[in-house]
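Trainee: So that you have it, the file is input37.cif, and it contains mmCIF, C-alpha atoms:
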```cif
data_model
loop_
_atom_site.group_PDB
_atom_site.id
_atom_site.type_symbol
_atom_site.label_atom_id
_atom_site.label_comp_id
_atom_site.auth_asym_id
_atom_site.auth_seq_id
_atom_site.Cartn_x
_atom_site.Cartn_y
_atom_site.Cartn_z
ATOM 1 C CA ILE A 967 -10.911 10.535 -91.068
ATOM 2 C CA ASN A 968 -13.600 7.872 -90.731
ATOM 3 C CA ALA A 969 -10.961 5.323 -89.793
ATOM 4 C CA GLN A 970 -9.560 7.654 -87.131
ATOM 5 C CA GLN A 971 -13.041 8.280 -85.689
ATOM 6 C CA THR A 972 -13.739 4.537 -85.565
ATOM 7 C CA SER A 973 -10.395 3.883 -83.830
ATOM 8 C CA PHE A 974 -11.063 6.694 -81.277
ATOM 9 C CA ALA A 975 -14.516 5.273 -80.491
ATOM 10 C CA GLN A 976 -13.086 1.781 -79.940
ATOM 11 C CA THR A 977 -10.339 3.169 -77.712
ATOM 12 C CA LYS A 978 -12.908 5.137 -75.653
ATOM 13 C CA HIS A 979 -15.056 1.998 -75.314
ATOM 14 C CA HIS A 980 -12.103 -0.036 -74.042
ATOM 15 C CA HIS A 981 -11.259 2.654 -71.446
ATOM 16 C CA GLN A 982 -14.884 2.887 -70.271
ATOM 17 C CA TYR A 983 -15.267 -0.902 -69.814
ATOM 18 C CA PRO A 984 -12.672 -1.355 -67.037
ATOM 19 C CA THR A 985 -13.916 1.883 -65.451
ATOM 20 C CA MET A 986 -17.435 0.429 -65.332
ATOM 21 C CA LYS A 987 -16.112 -2.825 -63.877
ATOM 22 C CA PHE A 988 -14.205 -0.886 -61.193
ATOM 23 C CA ALA A 989 -17.304 1.137 -60.289
ATOM 24 C CA ALA A 990 -19.381 -2.030 -60.019
ATOM 25 C CA ALA A 991 -16.771 -3.664 -57.796
ATOM 26 C CA CYS A 992 -16.701 -0.599 -55.534
ATOM 27 C CA SER A 993 -20.480 -0.684 -55.258
ATOM 28 C CA LEU A 994 -20.443 -4.346 -54.277
ATOM 29 C CA ALA A 995 -17.701 -3.692 -51.725
ATOM 30 C CA LEU A 996 -19.671 -0.836 -50.175
ATOM 31 C CA VAL A 997 -22.773 -3.017 -49.927
ATOM 32 C CA ALA A 998 -20.749 -5.821 -48.332
ATOM 33 C CA SER A 999 -19.165 -3.398 -45.865
ATOM 34 C CA ALA A 1000 -22.522 -1.961 -44.931
ATOM 35 C CA SER A 1001 -23.956 -5.416 -44.334
ATOM 36 C CA ALA A 1002 -20.932 -6.388 -42.256
ATOM 37 C CA PHE A 1003 -21.467 -3.466 -39.888
ATOM 38 C CA ALA A 1004 -25.247 -3.810 -39.770
ATOM 39 C CA PRO A 1005 -26.582 -4.947 -36.365
ATOM 40 C CA ALA A 1006 -27.053 -8.675 -36.092
ATOM 41 C CA ALA A 1007 -30.534 -10.068 -35.583
ATOM 42 C CA THR A 1008 -31.259 -10.390 -31.904
ATOM 43 C CA SER A 1009 -33.225 -13.142 -30.300
ATOM 44 C CA SER A 1010 -36.638 -12.306 -28.911
ATOM 45 C CA ARG A 1011 -35.936 -14.302 -25.761
ATOM 46 C CA ASN A 1012 -35.327 -11.999 -22.815
ATOM 47 C CA SER A 1013 -32.858 -12.886 -20.115
ATOM 48 C CA ALA A 1014 -34.554 -14.296 -17.072
ATOM 49 C CA LEU A 1015 -31.839 -12.662 -14.984
ATOM 50 C CA GLN A 1016 -32.281 -9.149 -16.355
ATOM 51 C CA LEU A 1017 -32.007 -6.709 -13.474
ATOM 52 C CA SER A 1018 -34.318 -3.852 -12.698
ATOM 53 C CA LYS A 1019 -34.439 -1.076 -10.130
ATOM 54 C CA GLU A 1020 -36.979 -3.079 -8.131
ATOM 55 C CA ASP A 1021 -34.669 -6.106 -8.037
ATOM 56 C CA PHE A 1022 -31.878 -3.918 -6.684
ATOM 57 C CA ALA A 1023 -34.100 -2.270 -4.103
ATOM 58 C CA ASN A 1024 -35.578 -5.562 -2.856
ATOM 59 C CA ALA A 1025 -32.254 -7.388 -2.767
ATOM 60 C CA GLY A 1026 -30.427 -4.617 -0.965
ATOM 61 C CA LYS A 1027 -32.981 -3.407 1.606
ATOM 62 C CA ALA A 1028 -31.384 -5.268 4.511
ATOM 63 C CA ALA A 1029 -27.827 -4.038 3.884
ATOM 64 C CA LEU A 1030 -28.309 -0.772 2.055
ATOM 65 C CA ALA A 1031 -31.370 0.844 3.642
ATOM 66 C CA GLY A 1032 -31.772 4.426 2.567
ATOM 67 C CA VAL A 1033 -29.472 4.120 -0.443
ATOM 68 C CA ALA A 1034 -31.142 4.737 -3.800
ATOM 69 C CA ALA A 1035 -30.886 1.924 -6.312
ATOM 70 C CA VAL A 1036 -28.427 2.456 -9.138
ATOM 71 C CA ALA A 1037 -29.841 1.807 -12.600
ATOM 72 C CA LEU A 1038 -27.955 -0.384 -15.029
ATOM 73 C CA MET A 1039 -26.078 1.453 -17.754
ATOM 74 C CA GLY A 1040 -27.108 -0.928 -20.505
ATOM 75 C CA GLN A 1041 -29.082 -4.030 -21.362
ATOM 76 C CA PRO A 1042 -27.421 -7.400 -20.688
ATOM 77 C CA ALA A 1043 -26.113 -9.450 -23.572
ATOM 78 C CA GLN A 1044 -27.941 -12.524 -24.851
ATOM 79 C CA ALA A 1045 -28.287 -15.001 -21.977
ATOM 80 C CA ILE A 1046 -26.960 -18.558 -22.166
ATOM 81 C CA THR A 1047 -27.700 -21.565 -19.977
ATOM 82 C CA LYS A 1048 -25.085 -23.743 -18.285
ATOM 83 C CA SER A 1049 -25.815 -26.710 -20.567
ATOM 84 C CA GLU A 1050 -25.400 -24.526 -23.668
ATOM 85 C CA LEU A 1051 -22.152 -23.130 -22.295
ATOM 86 C CA ASN A 1052 -20.786 -26.629 -21.611
ATOM 87 C CA GLU A 1053 -21.320 -27.589 -25.271
ATOM 88 C CA LEU A 1054 -18.932 -24.886 -26.502
ATOM 89 C CA THR A 1055 -15.280 -25.587 -27.179
ATOM 90 C CA TYR A 1056 -12.390 -23.438 -25.997
ATOM 91 C CA LEU A 1057 -12.022 -21.800 -29.414
ATOM 92 C CA GLN A 1058 -15.734 -21.008 -29.525
ATOM 93 C CA VAL A 1059 -15.497 -19.220 -26.169
ATOM 94 C CA LYS A 1060 -12.126 -17.531 -26.725
ATOM 95 C CA GLY A 1061 -12.422 -13.815 -27.411
ATOM 96 C CA THR A 1062 -16.215 -13.703 -27.096
ATOM 97 C CA GLY A 1063 -16.514 -12.566 -23.458
ATOM 98 C CA LEU A 1064 -18.575 -15.635 -22.509
ATOM 99 C CA ALA A 1065 -15.951 -16.643 -19.938
ATOM 100 C CA ASN A 1066 -16.887 -13.494 -18.006
ATOM 101 C CA ARG A 1067 -20.597 -14.267 -18.090
ATOM 102 C CA CYS A 1068 -22.785 -16.135 -15.615
ATOM 103 C CA PRO A 1069 -25.200 -18.752 -16.994
ATOM 104 C CA GLU A 1070 -28.947 -18.222 -17.020
ATOM 105 C CA VAL A 1071 -31.314 -20.418 -15.025
ATOM 106 C CA VAL A 1072 -34.704 -21.427 -16.448
ATOM 107 C CA GLY A 1073 -37.505 -22.560 -14.158
ATOM 108 C CA GLU A 1074 -39.321 -21.668 -10.963
ATOM 109 C CA GLY A 1075 -39.133 -24.866 -8.946
ATOM 110 C CA LYS A 1076 -37.978 -25.664 -5.428
ATOM 111 C CA ILE A 1077 -34.765 -27.180 -4.083
ATOM 112 C CA THR A 1078 -34.422 -28.341 -0.473
ATOM 113 C CA PRO A 1079 -30.743 -29.136 0.191
ATOM 114 C CA LYS A 1080 -29.954 -32.269 2.162
ATOM 115 C CA SER A 1081 -27.333 -32.706 4.848
ATOM 116 C CA GLY A 1082 -23.800 -32.638 3.429
ATOM 117 C CA GLN A 1083 -24.679 -30.892 0.178
ATOM 118 C CA LYS A 1084 -22.790 -27.856 -1.145
ATOM 119 C CA LEU A 1085 -23.259 -24.878 -3.416
ATOM 120 C CA VAL A 1086 -20.799 -25.327 -6.275
ATOM 121 C CA GLU A 1087 -19.860 -23.547 -9.499
ATOM 122 C CA MET A 1088 -21.162 -20.282 -8.054
ATOM 123 C CA CYS A 1089 -20.710 -17.407 -10.490
ATOM 124 C CA ILE A 1090 -21.102 -13.762 -9.455
ATOM 125 C CA GLU A 1091 -21.198 -11.263 -12.326
ATOM 126 C CA PRO A 1092 -21.334 -7.502 -11.622
ATOM 127 C CA LYS A 1093 -23.510 -5.427 -13.926
ATOM 128 C CA ALA A 1094 -23.317 -1.947 -12.381
ATOM 129 C CA TRP A 1095 -20.943 -0.069 -10.078
ATOM 130 C CA ALA A 1096 -21.278 3.064 -7.959
ATOM 131 C CA VAL A 1097 -18.856 4.919 -5.681
ATOM 132 C CA GLU A 1098 -19.864 6.928 -2.632
ATOM 133 C CA GLU A 1099 -18.863 10.570 -3.024
ATOM 134 C CA GLU A 1100 -19.516 13.818 -1.165
ATOM 135 C CA ILE A 1101 -21.749 15.971 -3.353
ATOM 136 C CA GLY A 1102 -21.911 19.687 -2.621
ATOM 137 C CA LYS A 1103 -25.166 21.562 -3.223
ATOM 138 C CA GLY A 1104 -26.385 24.873 -1.803
ATOM 139 C CA GLY A 1105 -23.440 25.161 0.554
ATOM 140 C CA LYS A 1106 -24.090 21.710 1.973
ATOM 141 C CA THR A 1107 -22.415 18.386 1.298
ATOM 142 C CA GLU A 1108 -24.019 14.977 1.368
ATOM 143 C CA LYS A 1109 -22.813 11.495 0.544
ATOM 144 C CA LYS A 1110 -24.315 9.868 -2.528
ATOM 145 C CA PHE A 1111 -23.466 6.894 -4.708
ATOM 146 C CA VAL A 1112 -22.293 8.070 -8.123
ATOM 147 C CA ASN A 1113 -22.557 5.771 -11.147
ATOM 148 C CA SER A 1114 -19.147 4.721 -12.417
ATOM 149 C CA LYS A 1115 -17.744 2.964 -15.467
ATOM 150 C CA VAL A 1116 -15.702 -0.215 -15.244
ATOM 151 C CA MET A 1117 -12.217 0.130 -16.737
ATOM 152 C CA THR A 1118 -11.121 -3.472 -16.214
ATOM 153 C CA ARG A 1119 -11.412 -5.801 -19.170
ATOM 154 C CA GLN A 1120 -13.710 -8.801 -18.935
ATOM 155 C CA THR A 1121 -11.986 -10.464 -15.986
ATOM 156 C CA TYR A 1122 -14.056 -9.101 -13.082
ATOM 157 C CA THR A 1123 -16.517 -11.997 -12.624
ATOM 158 C CA LEU A 1124 -16.075 -14.471 -9.759
ATOM 159 C CA ASP A 1125 -16.428 -18.120 -10.731
ATOM 160 C CA GLY A 1126 -16.059 -21.606 -9.307
ATOM 161 C CA VAL A 1127 -16.956 -20.403 -5.820
ATOM 162 C CA GLU A 1128 -18.196 -23.179 -3.551
ATOM 163 C CA GLY A 1129 -18.889 -24.077 0.044
ATOM 164 C CA PRO A 1130 -21.103 -26.204 2.298
ATOM 165 C CA ILE A 1131 -24.783 -25.578 2.963
ATOM 166 C CA GLU A 1132 -25.857 -25.898 6.582
ATOM 167 C CA THR A 1133 -29.121 -25.416 8.438
ATOM 168 C CA SER A 1134 -29.436 -23.132 11.445
ATOM 169 C CA GLY A 1135 -32.779 -22.466 13.099
ATOM 170 C CA GLY A 1136 -34.621 -23.849 10.105
ATOM 171 C CA ASN A 1137 -32.817 -21.513 7.683
ATOM 172 C CA LEU A 1138 -30.101 -22.272 5.146
ATOM 173 C CA VAL A 1139 -26.577 -20.983 5.743
ATOM 174 C CA PHE A 1140 -23.928 -20.898 2.990
ATOM 175 C CA LYS A 1141 -20.237 -20.690 3.943
ATOM 176 C CA GLU A 1142 -17.791 -19.800 1.161
ATOM 177 C CA LYS A 1143 -14.620 -21.927 1.185
ATOM 178 C CA GLU A 1144 -12.806 -21.770 -2.153
ATOM 179 C CA GLY A 1145 -12.865 -20.847 -5.823
ATOM 180 C CA ILE A 1146 -11.916 -17.832 -7.927
ATOM 181 C CA ASP A 1147 -13.312 -15.620 -5.193
ATOM 182 C CA TYR A 1148 -11.543 -12.322 -5.888
ATOM 183 C CA ALA A 1149 -10.987 -10.108 -8.921
ATOM 184 C CA ALA A 1150 -8.924 -6.912 -9.095
ATOM 185 C CA THR A 1151 -11.236 -4.288 -10.592
ATOM 186 C CA THR A 1152 -11.018 -0.579 -11.376
ATOM 187 C CA VAL A 1153 -13.912 1.809 -11.989
ATOM 188 C CA GLN A 1154 -13.840 5.407 -13.182
ATOM 189 C CA LEU A 1155 -15.921 8.264 -11.809
ATOM 190 C CA PRO A 1156 -17.532 10.844 -14.138
ATOM 191 C CA GLY A 1157 -14.740 13.322 -13.303
ATOM 192 C CA GLY A 1158 -12.060 10.895 -14.466
ATOM 193 C CA GLU A 1159 -10.843 9.650 -11.079
ATOM 194 C CA ARG A 1160 -10.152 5.922 -11.067
ATOM 195 C CA VAL A 1161 -10.929 3.814 -8.016
ATOM 196 C CA PRO A 1162 -9.321 0.344 -7.730
ATOM 197 C CA PHE A 1163 -10.812 -2.309 -5.463
ATOM 198 C CA LEU A 1164 -10.687 -6.059 -4.928
ATOM 199 C CA PHE A 1165 -14.117 -7.457 -5.785
ATOM 200 C CA THR A 1166 -14.491 -10.521 -3.568
ATOM 201 C CA VAL A 1167 -16.681 -12.706 -1.337
ATOM 202 C CA LYS A 1168 -13.891 -14.330 0.696
ATOM 203 C CA ASP A 1169 -15.051 -16.097 3.866
ATOM 204 C CA LEU A 1170 -18.663 -15.208 3.134
ATOM 205 C CA VAL A 1171 -21.242 -16.533 5.611
ATOM 206 C CA ALA A 1172 -24.651 -15.953 4.010
ATOM 207 C CA LYS A 1173 -27.724 -16.654 6.126
ATOM 208 C CA GLY A 1174 -31.012 -17.367 4.347
ATOM 209 C CA ASN A 1175 -34.631 -16.744 5.260
ATOM 210 C CA GLY A 1176 -35.944 -20.255 4.673
ATOM 211 C CA PRO A 1177 -35.136 -23.983 4.391
ATOM 212 C CA SER A 1178 -35.426 -24.189 0.574
ATOM 213 C CA PHE A 1179 -34.275 -22.374 -2.531
ATOM 214 C CA VAL A 1180 -37.422 -20.949 -4.129
ATOM 215 C CA PRO A 1181 -38.085 -17.757 -6.108
ATOM 216 C CA GLY A 1182 -37.971 -14.939 -3.560
ATOM 217 C CA PHE A 1183 -35.504 -16.701 -1.232
ATOM 218 C CA GLN A 1184 -32.992 -14.233 0.196
ATOM 219 C CA MET A 1185 -29.642 -14.719 1.869
ATOM 220 C CA GLY A 1186 -26.901 -12.354 2.875
ATOM 221 C CA GLY A 1187 -23.899 -11.901 5.100
ATOM 222 C CA ASP A 1188 -20.481 -10.411 5.660
ATOM 223 C CA PHE A 1189 -17.226 -11.250 3.901
ATOM 224 C CA ASN A 1190 -13.575 -10.214 4.167
ATOM 225 C CA THR A 1191 -11.868 -7.958 1.625
ATOM 226 C CA PRO A 1192 -8.093 -8.513 1.502
ATOM 227 C CA SER A 1193 -5.666 -5.771 0.515
ATOM 228 C CA TYR A 1194 -5.591 -4.885 -3.185
ATOM 229 C CA ARG A 1195 -1.777 -5.166 -3.040
ATOM 230 C CA THR A 1196 0.298 -7.902 -1.408
ATOM 231 C CA GLY A 1197 3.416 -7.537 0.715
ATOM 232 C CA LEU A 1198 5.724 -8.164 -2.259
ATOM 233 C CA PHE A 1199 4.402 -5.154 -4.170
ATOM 234 C CA LEU A 1200 6.896 -2.296 -4.570
ATOM 235 C CA ASP A 1201 5.741 1.267 -5.097
ATOM 236 C CA PRO A 1202 7.527 3.653 -7.525
ATOM 237 C CA LYS A 1203 10.112 4.488 -4.831
ATOM 238 C CA GLY A 1204 10.902 0.832 -4.143
ATOM 239 C CA ARG A 1205 9.029 0.623 -0.826
ATOM 240 C CA GLY A 1206 7.106 -2.519 0.066
ATOM 241 C CA GLY A 1207 5.446 -4.399 2.880
ATOM 242 C CA THR A 1208 7.813 -7.348 3.285
ATOM 243 C CA THR A 1209 10.619 -6.307 0.929
ATOM 244 C CA GLY A 1210 12.139 -3.186 -0.594
ATOM 245 C CA TYR A 1211 13.184 0.078 1.046
ATOM 246 C CA ASP A 1212 11.674 1.292 4.306
ATOM 247 C CA MET A 1213 11.847 4.949 3.259
ATOM 248 C CA ALA A 1214 11.902 7.175 0.186
ATOM 249 C CA VAL A 1215 15.643 7.129 -0.471
ATOM 250 C CA ALA A 1216 15.470 10.097 -2.860
ATOM 251 C CA LEU A 1217 13.813 12.331 -0.232
ATOM 252 C CA PRO A 1218 16.044 12.144 2.870
ATOM 253 C CA GLY A 1219 15.338 15.744 3.854
ATOM 254 C CA LEU A 1220 11.662 14.949 4.477
ATOM 255 C CA GLN A 1221 12.495 11.985 6.693
ATOM 256 C CA SER A 1222 15.045 13.398 9.105
ATOM 257 C CA GLY A 1223 15.127 15.966 11.895
ATOM 258 C CA GLU A 1224 12.883 16.232 14.922
ATOM 259 C CA GLU A 1225 9.677 15.150 13.189
ATOM 260 C CA GLY A 1226 11.339 12.233 11.447
ATOM 261 C CA ASP A 1227 9.245 10.755 8.645
ATOM 262 C CA ASP A 1228 5.878 11.953 9.990
ATOM 263 C CA GLU A 1229 4.991 13.513 6.650
ATOM 264 C CA LEU A 1230 5.615 10.276 4.746
ATOM 265 C CA PHE A 1231 4.832 7.827 7.542
ATOM 266 C CA LYS A 1232 1.834 6.202 5.836
ATOM 267 C CA GLU A 1233 3.643 5.925 2.509
ATOM 268 C CA ASN A 1234 6.757 4.428 4.132
ATOM 269 C CA ASN A 1235 5.010 1.970 6.453
ATOM 270 C CA LYS A 1236 3.006 -0.381 4.245
ATOM 271 C CA VAL A 1237 0.193 -2.387 5.855
ATOM 272 C CA PHE A 1238 -1.925 -5.254 4.566
ATOM 273 C CA ASP A 1239 -5.420 -3.942 5.243
ATOM 274 C CA VAL A 1240 -8.277 -6.456 5.551
ATOM 275 C CA THR A 1241 -11.674 -4.777 5.569
ATOM 276 C CA SER A 1242 -15.206 -6.176 5.668
ATOM 277 C CA GLY A 1243 -18.003 -6.074 3.131
ATOM 278 C CA ARG A 1244 -21.564 -7.303 2.833
ATOM 279 C CA ILE A 1245 -23.618 -8.945 0.108
ATOM 280 C CA GLU A 1246 -27.359 -9.543 -0.224
ATOM 281 C CA MET A 1247 -28.643 -12.125 -2.719
ATOM 282 C CA GLU A 1248 -32.137 -12.939 -3.908
ATOM 283 C CA VAL A 1249 -33.081 -16.060 -5.874
ATOM 284 C CA ASN A 1250 -35.540 -15.546 -8.728
ATOM 285 C CA LYS A 1251 -35.033 -18.703 -10.831
ATOM 286 C CA VAL A 1252 -34.780 -22.341 -9.709
ATOM 287 C CA ASN A 1253 -34.226 -25.326 -12.019
ATOM 288 C CA GLU A 1254 -35.153 -28.320 -9.897
ATOM 289 C CA GLU A 1255 -34.098 -30.883 -12.509
ATOM 290 C CA GLU A 1256 -30.584 -29.476 -12.931
ATOM 291 C CA GLN A 1257 -30.375 -28.349 -9.265
ATOM 292 C CA GLU A 1258 -29.532 -24.798 -10.373
ATOM 293 C CA ILE A 1259 -30.406 -21.441 -8.815
ATOM 294 C CA GLY A 1260 -29.976 -17.925 -10.159
ATOM 295 C CA GLY A 1261 -30.815 -14.404 -9.103
ATOM 296 C CA VAL A 1262 -29.542 -10.918 -8.325
ATOM 297 C CA PHE A 1263 -27.181 -9.483 -5.724
ATOM 298 C CA VAL A 1264 -26.154 -6.180 -4.149
ATOM 299 C CA ALA A 1265 -22.734 -5.900 -2.484
ATOM 300 C CA THR A 1266 -20.952 -3.099 -0.680
ATOM 301 C CA GLN A 1267 -17.279 -2.966 0.272
ATOM 302 C CA LEU A 1268 -14.319 -0.602 0.613
ATOM 303 C CA SER A 1269 -11.871 0.279 -2.133
ATOM 304 C CA ASP A 1270 -8.085 0.002 -2.136
ATOM 305 C CA THR A 1271 -6.176 1.885 0.595
ATOM 306 C CA ASP A 1272 -2.856 1.800 -1.293
ATOM 307 C CA MET A 1273 -1.470 -0.274 1.585
ATOM 308 C CA GLY A 1274 -2.584 2.176 4.255
ATOM 309 C CA SER A 1275 -1.731 5.526 2.655
ATOM 310 C CA LYS A 1276 -5.180 6.451 1.313
ATOM 311 C CA VAL A 1277 -8.679 6.701 2.729
ATOM 312 C CA PRO A 1278 -10.843 4.039 1.053
ATOM 313 C CA LYS A 1279 -14.116 4.780 -0.701
ATOM 314 C CA LYS A 1280 -17.302 2.755 -0.392
ATOM 315 C CA ILE A 1281 -18.110 0.713 -3.503
ATOM 316 C CA LEU A 1282 -21.609 -0.491 -4.414
ATOM 317 C CA THR A 1283 -21.777 -3.413 -6.852
ATOM 318 C CA LYS A 1284 -24.918 -4.931 -8.354
ATOM 319 C CA GLY A 1285 -25.376 -7.847 -10.706
ATOM 320 C CA ILE A 1286 -26.461 -11.460 -11.138
ATOM 321 C CA PHE A 1287 -25.363 -14.807 -9.733
ATOM 322 C CA TYR A 1288 -25.615 -18.511 -10.534
ATOM 323 C CA ALA A 1289 -24.983 -21.626 -8.431
ATOM 324 C CA ARG A 1290 -25.682 -25.337 -8.419
ATOM 325 C CA VAL A 1291 -26.609 -27.569 -5.462
ATOM 326 C CA ASP A 1292 -24.428 -30.686 -5.346
#
```
Please express the file's structure as structure tokens.
Mentor:
Amino acid sequence: INAQQTSFAQTKHHHQYPTMKFAAACSLALVASASAFAPAATSSRNSALQLSKEDFANAGKAALAGVAAVALMGQPAQAITKSELNELTYLQVKGTGLANRCPEVVGEGKITPKSGQKLVEMCIEPKAWAVEEEIGKGGKTEKKFVNSKVMTRQTYTLDGVEGPIETSGGNLVFKEKEGIDYAATTVQLPGGERVPFLFTVKDLVAKGNGPSFVPGFQMGGDFNTPSYRTGLFLDPKGRGGTTGYDMAVALPGLQSGEEGDDELFKENNKVFDVTSGRIEMEVNKVNEEEQEIGGVFVATQLSDTDMGSKVPKKILTKGIFYARVD
């Protein structure tokens, strides 16, 4: 009996030992998992380009008088300067979202462009979007800008935009010529409706209010917004602007008779709409040594018309920009 009790105790000890090891391993794994999902330590340095309601209101007074400023939905990510960004390799940038970010500018100097100089490497990064909607209240309707959520992945920033700087009447004038100056973007309204538009500054002519880039310098002007779709695009019924069918082949009854295709005229006859927009920019940081400027912007433009078949909505975009004088 004593021998059996001793054997049972040893067997129980051997079974408990791996169980204890398994429990310890699970505890360590849980601790590691918790630390992996814990928020990383954030730097105490605030972004010099962080936007506020006052920035929006001041930058957009000329073009958007009477429109309330739209607050940002969240705080910007950790800022990074152009020199820091240039030190990163492709693999260090890949998958991080940095390619969709505009650099930060440090300094409050003064830059007076000379004859023949250009603005190069201009980056325009939206931070907030709003869509004009008719809001009904008390039996009355009024148009208001409604905050919206971007549905496009991190490919909506304009980059590499450049153009000459001229002087007219003692004020600087920037004329956009080339670069990645358009980005197909879609935002979603609180009700779920999605609004596509082509975020762009094509053919921008921005007139400034002074001869030098200094904190507080403002410039703004009109630009062209090309059609969201091109002529080669085919809709679900195979209709296009320069190719495809000229009618909905599956619906001949709606496109014959005395009225012809009046009911589907806009859907059948695709057009390449070019509308106008406006942007207002305000410089708040100037690095005289690196010849860099940075600040905030407010832009308004029309959304996609689905090649002429829909009434466009007015889009309000707000964010930050960066450029270098060369």
Trainee: Quick one: which residues end up in the PyMOL selection byres ((chain A and resi 1194) around 8) for this structure, as a ChimeraX atom specification?
Mentor: /A:1150,1162-1164,1192-1193,1195-1196,1270-1273
Trainee: Specify as a PyMOL selection string each residue included when the PyMOL selection byres ((chain A and resi 1066) around 8) is applied to this file.
Mentor: chain A and resi 1063-1065+1067-1068+1091+1120-1123
Trainee: Go ahead and compute the interatomic distance for atom CA of Gly1197 of chain A and atom CA of Glu1233 of chain A, in Å to one decimal.
Mentor: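 Calculated distance between atom CA of Gly1197 of chain A and atom CA of Glu1233 of chain A is 13.6 Å.
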Trainee: Atom CA of Ile1146 of chain A to atom CA of Glu1248 of chain A: how many Å, to one decimal?
Mentor: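 A separation of 21.2 Å between them.
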Trainee: Which value, in Å to one decimal, gives the distance between atom CA of Val1161 of chain A and atom CA of Glu1100 of chain A?
Mentor: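 One can read the atom CA of Val1161 of chain A to atom CA of Glu1100 of chain A distance as 14.9 Å.
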Trainee: For this file, the PyMOL selection byres ((chain A and resi 1254) around 8) selects which residues, as JSON, numbers by chain?
Mentor: {"A": [1073, 1074, 1075, 1076, 1077, 1252, 1253, 1255, 1256, 1257, 1258]}
Trainee: Here is a test: counting all atoms listed in the file, which residue of A:Met1185, A:Val1097, A:Leu1155, A:Cys1089 is nearest to Lys1173 of chain A?
Mentor: A:Met1185
Trainee: Would you kindly return, as a list in words, each protein, DNA or RNA residue with an atom no farther than 8 Å from any atom of Gly1274 of chain A, considering only C-alpha atoms and excluding same-chain residues fewer than 4 positions away?
Mentor: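 Contacts, in chain order: Lys1232, Glu1233, Asn1235, Lys1236, Val1237, Phe1238 and Asp1239 of chain A.
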Trainee: The residues within 6 Å of (-18.5, -15.6, -3.9), using only C-alpha atoms and the coordinates of the file, should be reported as a list in words; which are they?
Mentor: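 Those within range, by chain then number, are Val1127, Asp1147 and Val1167 of chain A.
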Trainee: Calculated over all atoms listed in the file, which of the candidates A:Lys1276, A:Lys1141, A:Lys1109, A:Lys1284 has the smallest distance to Gly1261 of chain A?
Mentor: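 Ranked by minimum distance to Gly1261 of chain A, first place goes to A:Lys1284.
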Trainee: Report as number ranges by chain all protein, DNA and RNA residues lying within 8 Å of Asp1212 of chain A, evaluated on only C-alpha atoms, omitting residues in the same chain fewer than 4 positions from it.
Mentor: A: 1205-1206, 1234-1235
Trainee: Could you check which of A:Asn1175, A:Ser1114, A:Thr1166, A:Asn1052 is closest to Ile1090 of chain A, using only C-alpha atoms?
Mentor: A:Thr1166
Trainee: At a cut-off of 7 Å, using all atoms listed in the file, what residues contact Asp1292 of chain A? Leave out same-chain residues fewer than 5 positions from it and give the result as a PDB file with C-alpha atoms, in the coordinates of the input.
Mentor:
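Okay, this is what ended up in around-v3.pdb:
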```pdb
ATOM      1  CA  GLN A1083     -24.679 -30.892   0.178  1.00  0.00           C
ATOM      2  CA  LYS A1084     -22.790 -27.856  -1.145  1.00  0.00           C
ATOM      3  CA  LEU A1085     -23.259 -24.878  -3.416  1.00  0.00           C
ATOM      4  CA  VAL A1086     -20.799 -25.327  -6.275  1.00  0.00           C
TER       5      VAL A1086
END
```
Trainee: Need to verify the contact set: Arg1244 of chain A, 8 Å, all atoms listed in the file, exclusion of same-chain residues closer than 3 positions in sequence. Can you return it as a list in words?
Mentor: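 Counting only the stated atoms, we get Ala1029, Gly1186, Gly1187, Asp1188, Phe1189, Ala1265, Thr1266 and Gln1267 of chain A.
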Trainee: Tell me which of A:Gly1104, A:Gly1182, A:Gly1243, A:Gly1157 sits closest to Asp1169 of chain A, counting only C-alpha atoms.
Mentor: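 Of all the options, A:Gly1243 lies closest to Asp1169 of chain A.
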